[in-house]
$ cat target_26.txt   # compact mmCIF, C-alpha atoms
# COMPACT_ATOMS: atom_id res chain seq x y z
CA MET D 1 4.06 0.24 -17.40
CA LYS D 2 6.09 -0.60 -14.32
CA ALA D 3 5.86 -3.81 -12.31
CA ILE D 4 5.86 -3.70 -8.51
CA LEU D 5 6.64 -6.98 -6.80
CA LEU D 6 5.65 -7.11 -3.12
CA ALA D 7 7.99 -9.32 -1.08
CA ALA D 8 7.98 -7.80 2.39
CA GLY D 9 5.36 -9.79 4.32
CA SER D 10 6.28 -11.31 7.66
CA SER D 11 4.81 -14.77 6.90
CA ARG D 12 3.24 -15.10 10.37
CA ARG D 13 1.01 -18.03 9.36
CA PHE D 14 3.98 -19.81 7.83
CA GLY D 15 6.17 -19.49 10.90
CA GLY D 16 9.28 -18.25 9.07
CA ASN D 17 10.30 -16.55 5.85
CA LYS D 18 8.20 -18.36 3.27
CA LEU D 19 9.62 -16.26 0.42
CA LEU D 20 13.01 -17.96 0.80
CA GLU D 21 11.50 -21.42 1.24
CA PRO D 22 12.44 -23.70 -1.69
CA PHE D 23 9.64 -24.67 -4.05
CA ARG D 24 10.36 -26.69 -7.18
CA GLY D 25 14.07 -25.93 -7.03
CA LYS D 26 14.16 -22.24 -6.17
CA PRO D 27 13.04 -19.82 -3.44
CA LEU D 28 9.32 -19.05 -3.58
CA TYR D 29 9.77 -15.36 -4.47
CA GLN D 30 11.92 -16.28 -7.48
CA HIS D 31 8.96 -17.88 -9.28
CA THR D 32 7.11 -14.60 -9.72
CA LEU D 33 10.29 -12.60 -10.23
CA SER D 34 11.50 -14.94 -12.99
CA LEU D 35 8.09 -14.82 -14.64
CA ILE D 36 7.98 -11.04 -14.86
CA GLN D 37 11.65 -10.69 -15.81
CA ASN D 38 10.78 -12.44 -19.07
CA LEU D 39 8.46 -9.59 -20.04
CA TYR D 40 9.05 -5.98 -21.02
CA TRP D 41 8.61 -3.34 -18.29
CA GLU D 42 9.78 0.22 -17.98
CA GLU D 43 11.04 -0.92 -14.58
CA ILE D 44 10.63 -3.80 -12.14
CA ILE D 45 10.52 -2.69 -8.50
CA LEU D 46 10.85 -5.32 -5.79
CA VAL D 47 9.87 -4.19 -2.27
CA THR D 48 11.24 -6.38 0.54
CA GLN D 49 12.27 -6.34 4.17
CA TYR D 50 14.65 -9.28 3.72
CA GLU D 51 18.41 -8.79 3.44
CA GLU D 52 18.71 -12.18 1.72
CA ILE D 53 16.53 -10.91 -1.12
CA CYS D 54 18.26 -7.51 -1.20
CA LYS D 55 21.67 -9.20 -1.46
CA ASN D 56 20.63 -11.30 -4.44
CA GLU D 57 21.59 -9.18 -7.40
CA GLN D 58 18.65 -9.16 -9.73
CA ASP D 59 18.92 -8.39 -13.41
CA LYS D 60 16.74 -5.41 -14.38
CA VAL D 61 15.30 -5.02 -10.87
CA THR D 62 15.21 -2.01 -8.57
CA ILE D 63 15.20 -3.25 -4.98
CA VAL D 64 13.46 -1.09 -2.38
CA LYS D 65 14.02 -1.93 1.28
CA ASN D 66 10.96 -1.84 3.52
CA PRO D 67 12.19 -0.92 7.01
CA HIS D 68 8.67 -1.07 8.49
CA PRO D 69 6.89 -4.25 7.34
CA GLU D 70 4.66 -4.00 10.41
CA ARG D 71 2.80 -1.22 8.58
CA GLY D 72 1.22 -3.88 6.39
CA ILE D 73 0.94 -4.32 2.66
CA ALA D 74 -0.09 -0.68 2.24
CA GLY D 75 3.38 0.37 3.43
CA SER D 76 5.02 -1.82 0.81
CA ILE D 77 2.67 -0.54 -1.87
CA GLY D 78 3.51 3.04 -0.92
CA LEU D 79 7.26 2.39 -1.11
CA GLY D 80 6.87 0.77 -4.53
CA VAL D 81 4.65 3.57 -5.83
CA MET D 82 7.10 6.24 -4.62
CA ALA D 83 9.98 4.38 -6.24
CA ALA D 84 8.02 4.19 -9.51
CA GLY D 85 7.25 7.91 -9.51
CA GLN D 86 4.23 9.69 -10.92
CA GLY D 87 2.93 9.20 -14.41
CA PHE D 88 3.26 5.42 -14.72
CA ASP D 89 0.67 2.69 -14.93
CA LEU D 90 1.51 0.05 -12.33
CA MET D 91 1.01 -3.70 -12.21
CA PHE D 92 1.26 -5.20 -8.73
CA PHE D 93 2.36 -8.75 -7.97
CA VAL D 94 2.80 -10.72 -4.75
CA CYS D 95 5.63 -13.21 -4.30
CA ASP D 96 3.66 -16.15 -2.96
CA GLN D 97 1.69 -17.16 -6.07
CA PRO D 98 4.04 -19.54 -7.90
CA TYR D 99 1.32 -20.86 -10.22
CA LEU D 100 0.74 -17.51 -11.93
CA LYS D 101 1.18 -17.91 -15.70
CA GLN D 102 2.90 -15.69 -18.21
CA GLU D 103 -0.18 -15.86 -20.45
CA THR D 104 -2.23 -14.35 -17.63
CA VAL D 105 0.17 -11.46 -17.11
CA GLU D 106 0.30 -10.79 -20.86
CA GLY D 107 -3.49 -11.06 -21.14
CA MET D 108 -4.04 -8.61 -18.31
CA ARG D 109 -1.61 -6.14 -19.84
CA GLU D 110 -3.34 -6.48 -23.21
CA LYS D 111 -6.74 -5.89 -21.60
CA PHE D 112 -5.33 -2.79 -19.91
CA LEU D 113 -3.98 -1.44 -23.20
CA LYS D 114 -7.52 -1.67 -24.59
CA ASN D 115 -8.95 -0.07 -21.41
CA PRO D 116 -6.18 2.30 -20.23
CA ASN D 117 -8.28 4.20 -17.70
CA ARG D 118 -9.59 1.15 -15.89
CA ILE D 119 -8.27 -0.93 -13.02
CA ILE D 120 -7.64 -4.51 -14.14
CA CYS D 121 -8.13 -7.14 -11.46
CA ALA D 122 -7.49 -10.89 -11.59
CA GLU D 123 -10.59 -12.92 -10.77
CA SER D 124 -11.46 -16.61 -10.62
CA GLU D 125 -14.89 -18.14 -10.21
CA LYS D 126 -14.41 -17.98 -6.43
CA ARG D 127 -12.60 -14.71 -5.71
CA THR D 128 -10.52 -11.75 -6.80
CA GLY D 129 -6.79 -11.52 -6.22
CA ASN D 130 -3.43 -10.49 -7.58
CA PRO D 131 -2.07 -9.31 -9.91
CA ASN D 132 -3.78 -5.96 -10.40
CA ILE D 133 -3.11 -3.05 -12.73
CA PHE D 134 -3.74 0.54 -11.69
CA PRO D 135 -3.65 3.44 -14.15
CA ALA D 136 -1.27 6.32 -13.35
CA SER D 137 -4.27 8.40 -12.22
CA TYR D 138 -4.47 6.29 -9.02
CA TYR D 139 -1.01 7.38 -7.82
CA GLU D 140 -2.25 9.46 -4.87
CA GLU D 141 -4.84 6.89 -3.79
CA LEU D 142 -2.21 4.15 -3.81
CA LEU D 143 0.09 6.32 -1.70
CA GLY D 144 -2.77 7.00 0.72
CA LEU D 145 -3.42 3.34 1.59
CA LYS D 146 -2.96 2.31 5.22
CA GLY D 147 -2.74 -1.04 6.98
CA ASP D 148 -3.17 -4.51 5.55
CA LYS D 149 -5.92 -4.02 2.95
CA GLY D 150 -3.88 -2.89 -0.02
CA GLY D 151 -5.34 -2.23 -3.45
CA LYS D 152 -8.62 -4.00 -2.67
CA ARG D 153 -9.68 -0.87 -0.80
CA ILE D 154 -9.33 1.16 -4.02
CA ILE D 155 -11.01 -1.54 -6.10
CA LYS D 156 -14.01 -1.56 -3.73
CA ALA D 157 -14.16 2.24 -3.73
CA HIS D 158 -14.35 2.38 -7.55
CA PRO D 159 -16.35 -0.68 -8.66
CA ASP D 160 -17.47 1.11 -11.83
CA GLN D 161 -13.81 1.57 -12.85
CA VAL D 162 -12.79 -2.10 -12.54
CA THR D 163 -12.47 -4.62 -15.33
CA TYR D 164 -11.98 -8.21 -14.23
CA TYR D 165 -9.69 -10.64 -15.97
CA GLN D 166 -10.67 -14.29 -15.59
CA VAL D 167 -7.95 -16.64 -14.37
CA ASP D 168 -7.82 -20.21 -13.17
CA GLU D 169 -8.30 -20.51 -9.39
CA THR D 170 -4.91 -22.26 -9.12
CA GLU D 171 -3.12 -19.10 -10.26
CA LEU D 172 -4.57 -17.13 -7.34
CA LYS D 173 -3.40 -19.68 -4.77
CA ASP D 174 -1.01 -18.04 -2.39
CA PHE D 175 1.31 -20.03 -0.18
CA ASP D 176 0.68 -19.28 3.49
CA TYR D 177 1.42 -22.60 5.21
CA LYS D 178 4.20 -25.20 5.04
CA ILE D 179 1.75 -27.73 3.61
CA ASP D 180 1.29 -25.50 0.53
CA PHE D 181 4.85 -26.34 -0.51
CA ASN D 182 4.00 -30.02 -0.96
CA GLY D 183 2.06 -29.42 -4.21
$ encode --input "target_26.txt" --output "structure tokens"
Amino acid sequence: MKAILLAAGSSRRFGGNKLLEPFRGKPLYQHTLSLIQNLYWEEIILVTQYEEICKNEQDKVTIVKNPHPERGIAGSIGLGVMAAGQGFDLMFFVCDQPYLKQETVEGMREKFLKNPNRIICAESEKRTGNPNIFPASYYEELLGLKGDKGGKRIIKAHPDQVTYYQVDETELKDFDYKIDFNG
């Protein structure tokens, strides 16, 4: 399984690059990156538009530059999927969920290993969110995404192929505003 870390958003609601904003002693994107670097992957692919992130040498990370972040999250997903290549199961992460726990990532991977043909989607009592795991068979559909909907479009198109993994609502909290950094 390969991990794809999406770090190319323009942070419009934040009013600046939230991924480089310090939170608990390190840039926001580093929380998710550090978490997944502690686990085994065939490859970690980080998709970003930011030179500051590209310049940071990352151990065991393939950095993919997104020259067109205006194409939305689907553009970043496509770049990550192409970098991963065909034939790999893919777990997608976003870089603005610093409360995500290692136990959750491990639990989702374990659930996928028991259900290798199913999409695994994080879900709390209130909503679904990231991370998500897509089997290799979804390669073409992932490449075909357009705009700012991302993998949810595929999840909604195949509800009978989705297994949900229960997580605490806090883990799904994404940081979109400056006030989020006060927690």
$ closest_residue --input "target_26.txt" --among "D:Gly107, D:Gly72, D:Gly129, D:Gly85" --to "Leu145 of chain D" --atoms "all atoms listed in the file"
D:Gly72
$ closest_residue --input "target_26.txt" --among "D:Leu46, D:Met1, D:Met82, D:Leu28" --to "Glu110 of chain D" --atoms "all atoms listed in the file"
D:Met1
$ atom_distance --input "target_26.txt" --atom1 "atom CA of Tyr99 of chain D" --atom2 "atom CA of Thr170 of chain D"
6.5 Å
$ closest_residue --input "target_26.txt" --among "D:Ile133, D:Leu143, D:Ile36, D:Leu113" --to "Lys101 of chain D" --atoms "all atoms listed in the file"
D:Ile36
$ atom_distance --input "target_26.txt" --atom1 "atom CA of Met91 of chain D" --atom2 "atom CA of Tyr139 of chain D"
12.1 Å
$ axis_aligned_box --input "target_26.txt" --around "segment 32-43 of chain D" --padding-each-side "6 Å" --output "JSON"
{"center_x": 9.4, "center_y": -7.4, "center_z": -15.4, "size_x": 16.5, "size_y": 27.2, "size_z": 23.3}
$ closest_residue --input "target_26.txt" --among "D:Gln49, D:Glu140, D:Glu21, D:Leu39" --to "Glu70 of chain D" --atoms "only C-alpha atoms"
D:Gln49
$ residues_around --input "target_26.txt" --residues "Gln161 of chain D" --least-positions-apart "3" --cutoff "10 Å" --atoms "only C-alpha atoms" --output "CSV table (one decimal) with C-alpha atoms, keeping the file's coordinate frame"
chain,number,residue,atom,x,y,z
D,115,ASN,CA,-9.0,-0.1,-21.4
D,117,ASN,CA,-8.3,4.2,-17.7
D,118,ARG,CA,-9.6,1.2,-15.9
D,119,ILE,CA,-8.3,-0.9,-13.0
D,120,ILE,CA,-7.6,-4.5,-14.1
D,154,ILE,CA,-9.3,1.2,-4.0
D,155,ILE,CA,-11.0,-1.5,-6.1
D,156,LYS,CA,-14.0,-1.6,-3.7
D,157,ALA,CA,-14.2,2.2,-3.7
D,158,HIS,CA,-14.4,2.4,-7.6
$ closest_residue --input "target_26.txt" --among "D:Tyr165, D:Phe92, D:Tyr138, D:Phe23" --to "Thr104 of chain D" --atoms "only C-alpha atoms"
D:Tyr165
$ closest_residue --input "target_26.txt" --among "D:Ala74, D:Leu33, D:Leu90, D:Leu19" --to "Ile4 of chain D" --atoms "only C-alpha atoms"
D:Leu90
$ build_atoms --input "target_26.txt" --residues "segment 83-94 of chain D" --atoms "all heavy atoms" --output "PDB file, keeping the file's coordinate frame"
ATOM      1  N   ALA D  83       8.814   4.735  -5.427  1.00  0.00           N
ATOM      2  CA  ALA D  83       9.980   4.380  -6.240  1.00  0.00           C
ATOM      3  C   ALA D  83       9.658   4.477  -7.732  1.00  0.00           C
ATOM      4  O   ALA D  83      10.510   4.861  -8.535  1.00  0.00           O
ATOM      5  CB  ALA D  83      10.477   2.981  -5.892  1.00  0.00           C
ATOM      6  N   ALA D  84       8.428   4.129  -8.109  1.00  0.00           N
ATOM      7  CA  ALA D  84       8.020   4.190  -9.510  1.00  0.00           C
ATOM      8  C   ALA D  84       7.912   5.626  -9.997  1.00  0.00           C
ATOM      9  O   ALA D  84       8.226   5.930 -11.146  1.00  0.00           O
ATOM     10  CB  ALA D  84       6.686   3.470  -9.709  1.00  0.00           C
ATOM     11  N   GLY D  85       7.453   6.518  -9.120  1.00  0.00           N
ATOM     12  CA  GLY D  85       7.250   7.910  -9.510  1.00  0.00           C
ATOM     13  C   GLY D  85       5.908   8.110 -10.183  1.00  0.00           C
ATOM     14  O   GLY D  85       5.235   7.156 -10.578  1.00  0.00           O
ATOM     15  N   GLN D  86       5.521   9.353 -10.308  1.00  0.00           N
ATOM     16  CA  GLN D  86       4.230   9.690 -10.920  1.00  0.00           C
ATOM     17  C   GLN D  86       4.261   9.471 -12.424  1.00  0.00           C
ATOM     18  O   GLN D  86       5.301   9.521 -13.056  1.00  0.00           O
ATOM     19  CB  GLN D  86       3.879  11.137 -10.623  1.00  0.00           C
ATOM     20  CG  GLN D  86       3.416  11.346  -9.208  1.00  0.00           C
ATOM     21  CD  GLN D  86       2.917  12.761  -8.999  1.00  0.00           C
ATOM     22  OE1 GLN D  86       3.697  13.696  -9.058  1.00  0.00           O
ATOM     23  NE2 GLN D  86       1.627  12.889  -8.760  1.00  0.00           N
ATOM     24  N   GLY D  87       3.085   9.260 -12.962  1.00  0.00           N
ATOM     25  CA  GLY D  87       2.930   9.200 -14.410  1.00  0.00           C
ATOM     26  C   GLY D  87       3.075   7.822 -15.016  1.00  0.00           C
ATOM     27  O   GLY D  87       3.138   7.699 -16.241  1.00  0.00           O
ATOM     28  N   PHE D  88       3.096   6.770 -14.189  1.00  0.00           N
ATOM     29  CA  PHE D  88       3.260   5.420 -14.720  1.00  0.00           C
ATOM     30  C   PHE D  88       2.086   4.536 -14.323  1.00  0.00           C
ATOM     31  O   PHE D  88       1.617   4.584 -13.181  1.00  0.00           O
ATOM     32  CB  PHE D  88       4.554   4.781 -14.193  1.00  0.00           C
ATOM     33  CG  PHE D  88       5.782   5.458 -14.698  1.00  0.00           C
ATOM     34  CD1 PHE D  88       6.413   6.413 -13.916  1.00  0.00           C
ATOM     35  CD2 PHE D  88       6.299   5.179 -15.955  1.00  0.00           C
ATOM     36  CE1 PHE D  88       7.556   7.066 -14.371  1.00  0.00           C
ATOM     37  CE2 PHE D  88       7.429   5.818 -16.420  1.00  0.00           C
ATOM     38  CZ  PHE D  88       8.056   6.769 -15.626  1.00  0.00           C
ATOM     39  N   ASP D  89       1.625   3.735 -15.256  1.00  0.00           N
ATOM     40  CA  ASP D  89       0.670   2.690 -14.930  1.00  0.00           C
ATOM     41  C   ASP D  89       1.451   1.618 -14.189  1.00  0.00           C
ATOM     42  O   ASP D  89       2.625   1.360 -14.502  1.00  0.00           O
ATOM     43  CB  ASP D  89       0.057   2.118 -16.210  1.00  0.00           C
ATOM     44  CG  ASP D  89      -0.595   3.201 -17.064  1.00  0.00           C
ATOM     45  OD1 ASP D  89      -1.296   4.063 -16.502  1.00  0.00           O
ATOM     46  OD2 ASP D  89      -0.374   3.196 -18.292  1.00  0.00           O
ATOM     47  N   LEU D  90       0.800   0.978 -13.194  1.00  0.00           N
ATOM     48  CA  LEU D  90       1.510   0.050 -12.330  1.00  0.00           C
ATOM     49  C   LEU D  90       0.782  -1.291 -12.246  1.00  0.00           C
ATOM     50  O   LEU D  90      -0.424  -1.337 -12.036  1.00  0.00           O
ATOM     51  CB  LEU D  90       1.623   0.634 -10.915  1.00  0.00           C
ATOM     52  CG  LEU D  90       2.303   1.997 -10.808  1.00  0.00           C
ATOM     53  CD1 LEU D  90       2.160   2.557  -9.396  1.00  0.00           C
ATOM     54  CD2 LEU D  90       3.769   1.899 -11.207  1.00  0.00           C
ATOM     55  N   MET D  91       1.559  -2.362 -12.397  1.00  0.00           N
ATOM     56  CA  MET D  91       1.010  -3.700 -12.210  1.00  0.00           C
ATOM     57  C   MET D  91       1.652  -4.293 -10.963  1.00  0.00           C
ATOM     58  O   MET D  91       2.873  -4.355 -10.863  1.00  0.00           O
ATOM     59  CB  MET D  91       1.276  -4.587 -13.426  1.00  0.00           C
ATOM     60  CG  MET D  91       0.574  -5.932 -13.359  1.00  0.00           C
ATOM     61  SD  MET D  91       0.588  -6.759 -14.973  1.00  0.00           S
ATOM     62  CE  MET D  91      -0.497  -8.145 -14.665  1.00  0.00           C
ATOM     63  N   PHE D  92       0.802  -4.685 -10.022  1.00  0.00           N
ATOM     64  CA  PHE D  92       1.260  -5.200  -8.730  1.00  0.00           C
ATOM     65  C   PHE D  92       1.189  -6.721  -8.700  1.00  0.00           C
ATOM     66  O   PHE D  92       0.202  -7.321  -9.119  1.00  0.00           O
ATOM     67  CB  PHE D  92       0.382  -4.648  -7.605  1.00  0.00           C
ATOM     68  CG  PHE D  92       0.598  -3.189  -7.360  1.00  0.00           C
ATOM     69  CD1 PHE D  92      -0.135  -2.243  -8.058  1.00  0.00           C
ATOM     70  CD2 PHE D  92       1.532  -2.754  -6.438  1.00  0.00           C
ATOM     71  CE1 PHE D  92       0.051  -0.891  -7.837  1.00  0.00           C
ATOM     72  CE2 PHE D  92       1.740  -1.408  -6.216  1.00  0.00           C
ATOM     73  CZ  PHE D  92       0.999  -0.468  -6.920  1.00  0.00           C
ATOM     74  N   PHE D  93       2.253  -7.309  -8.137  1.00  0.00           N
ATOM     75  CA  PHE D  93       2.360  -8.750  -7.970  1.00  0.00           C
ATOM     76  C   PHE D  93       2.711  -9.042  -6.517  1.00  0.00           C
ATOM     77  O   PHE D  93       3.365  -8.236  -5.859  1.00  0.00           O
ATOM     78  CB  PHE D  93       3.492  -9.321  -8.834  1.00  0.00           C
ATOM     79  CG  PHE D  93       3.295  -9.133 -10.298  1.00  0.00           C
ATOM     80  CD1 PHE D  93       3.719  -7.972 -10.920  1.00  0.00           C
ATOM     81  CD2 PHE D  93       2.708 -10.123 -11.064  1.00  0.00           C
ATOM     82  CE1 PHE D  93       3.559  -7.793 -12.286  1.00  0.00           C
ATOM     83  CE2 PHE D  93       2.531  -9.952 -12.424  1.00  0.00           C
ATOM     84  CZ  PHE D  93       2.964  -8.781 -13.043  1.00  0.00           C
ATOM     85  N   VAL D  94       2.331 -10.223  -6.036  1.00  0.00           N
ATOM     86  CA  VAL D  94       2.800 -10.720  -4.750  1.00  0.00           C
ATOM     87  C   VAL D  94       3.726 -11.893  -5.029  1.00  0.00           C
ATOM     88  O   VAL D  94       3.662 -12.512  -6.096  1.00  0.00           O
ATOM     89  CB  VAL D  94       1.632 -11.119  -3.820  1.00  0.00           C
ATOM     90  CG1 VAL D  94       0.842  -9.883  -3.405  1.00  0.00           C
ATOM     91  CG2 VAL D  94       0.718 -12.139  -4.473  1.00  0.00           C
TER      92      VAL D  94
END
